[in-house]
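Colleague: Starting off with a structure, shown below.
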Amino acid sequence: MRFLATFPPAVLLLAVAGCAQQTAPAPVNHTSLPATIQQPIGFDSNDYPGDDALPTLRRHFAFAGYWLTNPPGEHQNGWAGKRDVLAKNGFGFLVLANGKFDADIKKAKGSGTAPAALGKKDAAAAVAAAQREHFPAGTIIFLDQEEGGRLDADQSGYLLAWTETVAHSGYLPGVYASGQPVDDSPGKTITTIQNIREQVAAQHLSPIAFWVYQDACPPANGCTLHPPPLTSSGTPDVAAWQYAQSPRRKEITAACSKTYAADGNCYIPELPQMMLDLSVAASPDPSHGR
C-alpha cells in the first residue's frame, strides 16, 4: 500500500507509513466527500483489520473485500464470522473465495482429481462458507484467479466448473482476474478476462460478474482515494476495478510510484500499519451481500 505525493489538493492520497525513519503522515483532507457519496471505493486485505478499526475504515470506504476461505498463502481466515459486524458498520461487500494455482491444479490432476472435479469441490466449499456467513441468495461470490494471461485447458476446466457450480447454487458466480494485457500471439495481446469471456460465450455457460485487477499507471492513478472512473479500467462491464495493490508492482506502476509508501504498500493515515488494496465499483455493495 502507499505514499503521499504532489497531487492537486482535491486528491486525497493514502499517507506514508511503516518505516521508523519516515516522517509522520500528512493530515487527511476532511473536506473530501464520504465514501457513500463519492464514487464507491473499497478495500481488501488478506488480514482482517480488527473490529476496532472498522469505524475508521468506514470513513473512507463503502465496501470491503470479504474472504470466505483462507486467503492465498494463509492457513486460517480471520474474516470468518465477521460479516454481521461489518454490515452493522455500514459496509457493503466484495465476497471472495481463494482459487487454485495452475501448479496445484496439475498436482491434483496427477493424483487422480480432474480439474473440473476440483473446481466443483472448491465451489461447494465456497457456497457452504457463504451460507455459514449468512450471505443472502443472489450474492456474487468472486473466485480469486491470481494468474494472468490466457488460461490453459486445466485452468479453464477448473475455473469454469467452479463458476457453473456456484451458478446452480442460489449464489451468483464472479471472477477476480487480470485486465492487464499480455502478449498472446504475434502482434496481439489478451487479458485473462477477455479469455474467460470468450470461453463462456463459446460454451454457452452461465454469465459471470468480473472484478478486474489492473493497477498499471495509466489507466490507474496509484494509491489514491480518488481513482479514475470505473469505466476507465480498460475492461468493459465489470462490477469492480482493483486499481491499487500492496505491494505495488514496480514494473507497471512507475508513473504513479510516488503515491505509494516508501515500502511499496498502501495505507491510510489513521492506520499506518495496515496494508490495503483499493477498488472502485459501480455499487457500494458490489456483491449484493447485504
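Naming works like this for the C-alpha cells: A, B, ... for the chains as they're shown, residue 1 at the start of each chain, ligands 1 onward in shown order.
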Write down as a PyMOL selection string the residues belonging to stretch 75-265 of chain A that are assigned strand (DSSP E) by DSSP computed on the backbone.
Modeller: chain A and resi 92-98+140-144+172-178+182-185+188-190+209-213+240-244
Colleague: Let's have the selection written as a CSV table (one decimal), in the first residue's frame, with N, CA and C atoms.
Modeller:
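Once everything was written out, this is again20.csv:
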chain,number,residue,atom,x,y,z
A,92,GLY,N,-20.6,-2.5,2.5
A,92,GLY,CA,-21.0,-3.4,1.5
A,92,GLY,C,-19.9,-4.4,1.3
A,93,PHE,N,-20.1,-5.4,0.4
A,93,PHE,CA,-19.1,-6.5,0.3
A,93,PHE,C,-18.7,-6.8,-1.1
A,94,LEU,N,-17.4,-7.2,-1.2
A,94,LEU,CA,-16.9,-8.0,-2.4
A,94,LEU,C,-16.5,-9.3,-1.8
A,95,VAL,N,-17.4,-10.3,-2.0
A,95,VAL,CA,-17.2,-11.6,-1.4
A,95,VAL,C,-16.2,-12.5,-2.3
A,96,LEU,N,-15.3,-13.1,-1.6
A,96,LEU,CA,-14.1,-13.6,-2.4
A,96,LEU,C,-13.8,-15.0,-1.8
A,97,ALA,N,-13.5,-16.0,-2.8
A,97,ALA,CA,-13.0,-17.3,-2.4
A,97,ALA,C,-11.7,-17.6,-3.1
A,98,ASN,N,-10.8,-18.2,-2.4
A,98,ASN,CA,-9.5,-18.5,-2.9
A,98,ASN,C,-9.6,-19.5,-4.0
A,140,ILE,N,-23.0,-12.3,-5.1
A,140,ILE,CA,-22.0,-12.7,-6.1
A,140,ILE,C,-20.7,-13.2,-5.3
A,141,ILE,N,-20.2,-14.4,-5.6
A,141,ILE,CA,-19.0,-14.9,-5.0
A,141,ILE,C,-17.9,-14.8,-6.1
A,142,PHE,N,-16.9,-14.1,-5.8
A,142,PHE,CA,-15.8,-14.0,-6.8
A,142,PHE,C,-14.7,-15.0,-6.5
A,143,LEU,N,-14.3,-15.8,-7.5
A,143,LEU,CA,-13.2,-16.7,-7.5
A,143,LEU,C,-11.9,-15.9,-7.7
A,144,ASP,N,-11.0,-16.1,-6.8
A,144,ASP,CA,-9.7,-15.4,-6.9
A,144,ASP,C,-8.8,-16.1,-7.9
A,172,LEU,N,-24.4,-16.3,-7.1
A,172,LEU,CA,-24.0,-15.9,-8.5
A,172,LEU,C,-22.5,-16.0,-8.6
A,173,PRO,N,-22.0,-16.4,-9.8
A,173,PRO,CA,-20.6,-16.6,-9.9
A,173,PRO,C,-19.9,-15.3,-10.4
A,174,GLY,N,-18.8,-15.0,-9.8
A,174,GLY,CA,-17.9,-13.9,-10.2
A,174,GLY,C,-16.5,-14.4,-10.3
A,175,VAL,N,-15.6,-13.6,-10.9
A,175,VAL,CA,-14.2,-14.0,-11.0
A,175,VAL,C,-13.4,-12.7,-10.8
A,176,TYR,N,-12.4,-12.7,-9.9
A,176,TYR,CA,-11.4,-11.7,-9.8
A,176,TYR,C,-10.3,-12.1,-10.7
A,177,ALA,N,-10.0,-11.3,-11.7
A,177,ALA,CA,-9.0,-11.7,-12.7
A,177,ALA,C,-8.3,-10.5,-13.3
A,178,SER,N,-7.3,-10.7,-14.1
A,178,SER,CA,-6.4,-9.7,-14.6
A,178,SER,C,-7.0,-9.0,-15.8
A,182,VAL,N,-1.4,-8.9,-22.0
A,182,VAL,CA,-0.1,-9.6,-22.1
A,182,VAL,C,0.0,-10.1,-23.5
A,183,ASP,N,1.2,-10.3,-24.0
A,183,ASP,CA,1.4,-10.9,-25.3
A,183,ASP,C,0.8,-12.3,-25.4
A,184,ASP,N,0.1,-12.5,-26.5
A,184,ASP,CA,-0.6,-13.7,-26.7
A,184,ASP,C,-0.2,-14.4,-28.0
A,185,SER,N,-0.1,-13.7,-29.1
A,185,SER,CA,0.4,-14.2,-30.4
A,185,SER,C,1.1,-13.0,-31.1
A,188,LYS,N,-0.5,-9.4,-31.1
A,188,LYS,CA,-1.8,-9.5,-30.4
A,188,LYS,C,-1.5,-9.6,-28.9
A,189,THR,N,-2.4,-9.1,-28.1
A,189,THR,CA,-2.4,-9.2,-26.7
A,189,THR,C,-3.8,-9.8,-26.2
A,190,ILE,N,-3.8,-10.2,-25.0
A,190,ILE,CA,-5.0,-10.7,-24.4
A,190,ILE,C,-5.0,-10.5,-22.9
A,209,ALA,N,-19.9,-12.3,-13.3
A,209,ALA,CA,-19.5,-11.0,-13.0
A,209,ALA,C,-18.0,-10.9,-12.8
A,210,PHE,N,-17.4,-9.8,-13.1
A,210,PHE,CA,-15.9,-9.7,-13.0
A,210,PHE,C,-15.5,-8.5,-12.1
A,211,TRP,N,-14.5,-8.8,-11.4
A,211,TRP,CA,-13.8,-7.8,-10.6
A,211,TRP,C,-12.4,-7.8,-11.2
A,212,VAL,N,-12.1,-6.8,-11.9
A,212,VAL,CA,-10.8,-6.7,-12.7
A,212,VAL,C,-9.7,-6.1,-11.8
A,213,TYR,N,-8.5,-6.7,-11.9
A,213,TYR,CA,-7.4,-6.0,-11.3
A,213,TYR,C,-6.5,-5.5,-12.4
A,240,ALA,N,-16.3,-4.3,-10.4
A,240,ALA,CA,-15.4,-3.6,-9.6
A,240,ALA,C,-14.0,-3.6,-10.3
A,241,TRP,N,-13.2,-2.6,-10.0
A,241,TRP,CA,-11.9,-2.5,-10.5
A,241,TRP,C,-10.9,-2.2,-9.3
A,242,GLN,N,-10.0,-3.2,-9.2
A,242,GLN,CA,-8.9,-3.0,-8.2
A,242,GLN,C,-7.8,-2.2,-8.9
A,243,TYR,N,-7.6,-1.0,-8.5
A,243,TYR,CA,-6.7,-0.1,-9.2
A,243,TYR,C,-5.4,0.1,-8.4
A,244,ALA,N,-5.3,-0.4,-7.2
A,244,ALA,CA,-4.0,-0.3,-6.5
A,244,ALA,C,-3.8,-1.6,-5.6
Colleague: If you run DSSP on this backbone, which residues of stretch 94-264 of chain A come out as alpha helix (DSSP H), and could you give them as a PyMOL selection string?
Modeller: chain A and resi 102-110+115-132+153-167+192-203
Colleague: Name the closest residue to A:Phe43 among the candidates A:Lys82, A:Lys106, A:Lys258, A:His60; distances are taken between atoms, counting only C-alpha atoms.
Modeller: A:His60
Colleague: Identify, on the basis of only C-alpha atoms, every residue whose closest approach to A:Val200 does not exceed 12 Å; exclude the query and any residue fewer than 3 positions from it along the same chain; express the result as a count of residues only.
Modeller: 19
Colleague: For the atom pair atom CA of A:Pro186 and atom CA of A:Gly149, what is the interatomic distance in Å to one decimal place?
Modeller: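 Those two atoms sit 14.6 Å apart.
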Colleague: What is the atom CA of A:Phe61 to atom CA of A:Gly81 distance in Å?
Modeller: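 According to the coordinates, atom CA of A:Phe61 and atom CA of A:Gly81 are separated by 20.3 Å.
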Colleague: Might you pull out every residue within 12 Å of A:Ala137, with only C-alpha atoms counted and same-chain residues fewer than 5 positions away left off, and present them as a tab-separated table (two decimals) with all heavy atoms, in the first residue's frame?
Modeller:
chain	number	residue	atom	x	y	z
A	127	VAL	N	-19.62	-22.04	-1.39
A	127	VAL	CA	-21.06	-21.88	-1.17
A	127	VAL	C	-21.41	-22.19	0.27
A	127	VAL	O	-22.18	-21.46	0.92
A	127	VAL	CB	-21.84	-22.79	-2.14
A	127	VAL	CG1	-23.30	-22.91	-1.72
A	127	VAL	CG2	-21.73	-22.25	-3.57
A	128	ALA	N	-20.85	-23.27	0.82
A	128	ALA	CA	-21.12	-23.63	2.22
A	128	ALA	C	-20.65	-22.52	3.16
A	128	ALA	O	-21.33	-22.20	4.14
A	128	ALA	CB	-20.43	-24.95	2.55
A	130	ALA	N	-20.37	-19.30	2.38
A	130	ALA	CA	-21.28	-18.16	2.21
A	130	ALA	C	-22.56	-18.36	3.01
A	130	ALA	O	-23.10	-17.41	3.60
A	130	ALA	CB	-21.59	-17.96	0.73
A	131	GLN	N	-23.05	-19.58	3.06
A	131	GLN	CA	-24.25	-19.88	3.84
A	131	GLN	C	-23.98	-19.73	5.33
A	131	GLN	O	-24.79	-19.15	6.06
A	131	GLN	CB	-24.73	-21.29	3.51
A	131	GLN	CG	-25.25	-21.43	2.10
A	131	GLN	CD	-25.51	-22.88	1.69
A	131	GLN	OE1	-24.94	-23.81	2.28
A	131	GLN	NE2	-26.34	-23.08	0.68
A	166	VAL	N	-21.32	-22.68	-8.77
A	166	VAL	CA	-21.88	-21.57	-7.99
A	166	VAL	C	-23.17	-21.07	-8.64
A	166	VAL	O	-24.15	-20.75	-7.96
A	166	VAL	CB	-20.85	-20.43	-7.86
A	166	VAL	CG1	-21.49	-19.19	-7.25
A	166	VAL	CG2	-19.67	-20.88	-7.00
A	167	ALA	N	-23.19	-21.02	-9.97
A	167	ALA	CA	-24.37	-20.53	-10.69
A	167	ALA	C	-25.61	-21.37	-10.41
A	167	ALA	O	-26.74	-20.87	-10.53
A	167	ALA	CB	-24.09	-20.50	-12.19
A	168	HIS	N	-25.43	-22.62	-10.04
A	168	HIS	CA	-26.56	-23.50	-9.77
A	168	HIS	C	-26.79	-23.71	-8.27
A	168	HIS	O	-27.47	-24.66	-7.86
A	168	HIS	CB	-26.33	-24.86	-10.46
A	168	HIS	CG	-26.40	-24.78	-11.96
A	168	HIS	ND1	-25.29	-24.50	-12.74
A	168	HIS	CD2	-27.44	-24.88	-12.82
A	168	HIS	CE1	-25.64	-24.47	-14.01
A	168	HIS	NE2	-26.95	-24.69	-14.09
A	169	SER	N	-26.24	-22.80	-7.46
A	169	SER	CA	-26.30	-22.97	-6.01
A	169	SER	C	-27.27	-22.01	-5.32
A	169	SER	O	-27.52	-22.15	-4.13
A	169	SER	CB	-24.91	-22.74	-5.41
A	169	SER	OG	-24.56	-21.36	-5.47
A	170	GLY	N	-27.76	-21.02	-6.05
A	170	GLY	CA	-28.52	-19.94	-5.42
A	170	GLY	C	-27.69	-18.68	-5.27
A	170	GLY	O	-28.24	-17.60	-5.04
A	171	TYR	N	-26.37	-18.82	-5.37
A	171	TYR	CA	-25.48	-17.66	-5.43
A	171	TYR	C	-25.11	-17.40	-6.88
A	171	TYR	O	-25.42	-18.19	-7.78
A	171	TYR	CB	-24.23	-17.90	-4.58
A	171	TYR	CG	-24.52	-17.97	-3.09
A	171	TYR	CD1	-24.62	-19.19	-2.43
A	171	TYR	CD2	-24.72	-16.80	-2.36
A	171	TYR	CE1	-24.91	-19.25	-1.07
A	171	TYR	CE2	-25.01	-16.85	-1.00
A	171	TYR	CZ	-25.10	-18.07	-0.36
A	171	TYR	OH	-25.40	-18.12	0.98
A	172	LEU	N	-24.44	-16.28	-7.12
A	172	LEU	CA	-24.05	-15.91	-8.47
A	172	LEU	C	-22.53	-15.96	-8.61
A	172	LEU	O	-21.81	-15.55	-7.68
A	172	LEU	CB	-24.55	-14.51	-8.82
A	172	LEU	CG	-26.07	-14.33	-8.80
A	172	LEU	CD1	-26.43	-12.87	-9.08
A	172	LEU	CD2	-26.74	-15.24	-9.80
A	173	PRO	N	-22.01	-16.43	-9.75
A	173	PRO	CA	-20.56	-16.56	-9.91
A	173	PRO	C	-19.90	-15.27	-10.37
A	173	PRO	O	-20.41	-14.54	-11.23
A	173	PRO	CB	-20.42	-17.65	-10.98
A	173	PRO	CG	-21.65	-17.48	-11.83
A	173	PRO	CD	-22.74	-17.03	-10.89
A	287	SER	N	-21.08	-7.07	-4.36
A	287	SER	CA	-21.51	-8.47	-4.37
A	287	SER	C	-23.00	-8.62	-4.04
A	287	SER	O	-23.53	-9.73	-4.07
A	287	SER	CB	-20.71	-9.29	-3.35
A	287	SER	OG	-19.50	-9.76	-3.91
A	288	HIS	N	-23.67	-7.50	-3.71
A	288	HIS	CA	-25.07	-7.56	-3.28
A	288	HIS	C	-25.21	-8.51	-2.09
A	288	HIS	O	-26.11	-9.36	-2.04
A	288	HIS	CB	-25.98	-7.98	-4.42
A	288	HIS	CG	-25.78	-7.17	-5.68
A	288	HIS	ND1	-26.09	-5.84	-5.74
A	288	HIS	CD2	-25.25	-7.50	-6.88
A	288	HIS	CE1	-25.78	-5.37	-6.96
A	288	HIS	NE2	-25.26	-6.36	-7.65
A	289	GLY	N	-24.30	-8.33	-1.13
A	289	GLY	CA	-24.22	-9.24	0.02
A	289	GLY	C	-24.86	-8.75	1.28
A	289	GLY	O	-24.75	-9.41	2.31
A	290	ARG	N	-25.56	-7.61	1.22
A	290	ARG	CA	-26.18	-7.10	2.44
A	290	ARG	C	-27.62	-7.60	2.57
A	290	ARG	O	-28.25	-7.93	1.56
A	290	ARG	CB	-26.19	-5.57	2.44
A	290	ARG	CG	-24.81	-4.98	2.72
A	290	ARG	CD	-24.86	-3.58	3.24
A	290	ARG	NE	-25.28	-2.61	2.22
A	290	ARG	CZ	-24.62	-1.48	1.96
A	290	ARG	NH1	-23.52	-1.20	2.61
A	290	ARG	NH2	-25.06	-0.63	1.05
Colleague: Please report as a Markdown table every residue of stretch 73-116 of chain A lying within 8 Å of stretch 51-54 of chain A, along with the nearest atom pair and their distance in Å (one decimal), using only C-alpha atoms.
Modeller:
| residue | atom | partner | partner_atom | distance |
| --- | --- | --- | --- | --- |
| A:Val85 | CA | A:Asp51 | CA | 7.5 |
| A:Leu86 | CA | A:Leu54 | CA | 7.3 |
| A:Asn89 | CA | A:Leu54 | CA | 6.9 |
Colleague: Neighbouring residues of stretch 62-65 of chain A were defined as those with any atom within 9 Å, considering only C-alpha atoms; residues of the same chain fewer than 4 positions away were excluded. Please report them as a list in words.
Modeller: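 Surrounding residues, per the criterion: Pro34, Ala35, Thr36, Pro40, Ile41, Gly42, Phe43, Asp44, Ser45, Asn46, Leu57, Arg58, Leu86, Gly90, Phe91, Gly92, Phe93, Leu94, Val95, Leu96, Ser283, Pro284, Asp285 and Pro286 of chain A.
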Colleague: Would you mind reading off the distance between atom CA of A:Gln245 and atom CA of A:Ala220, one decimal, in Å?
Modeller: 10.7 Å
Colleague: Give the answer as one residue: which of A:Ser232, A:Gln155, A:Gln273, A:Thr259 has the shortest atom-to-atom distance to A:Ala103, using only C-alpha atoms?
Modeller: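 Result for the nearest residue to A:Ala103: A:Gln155.
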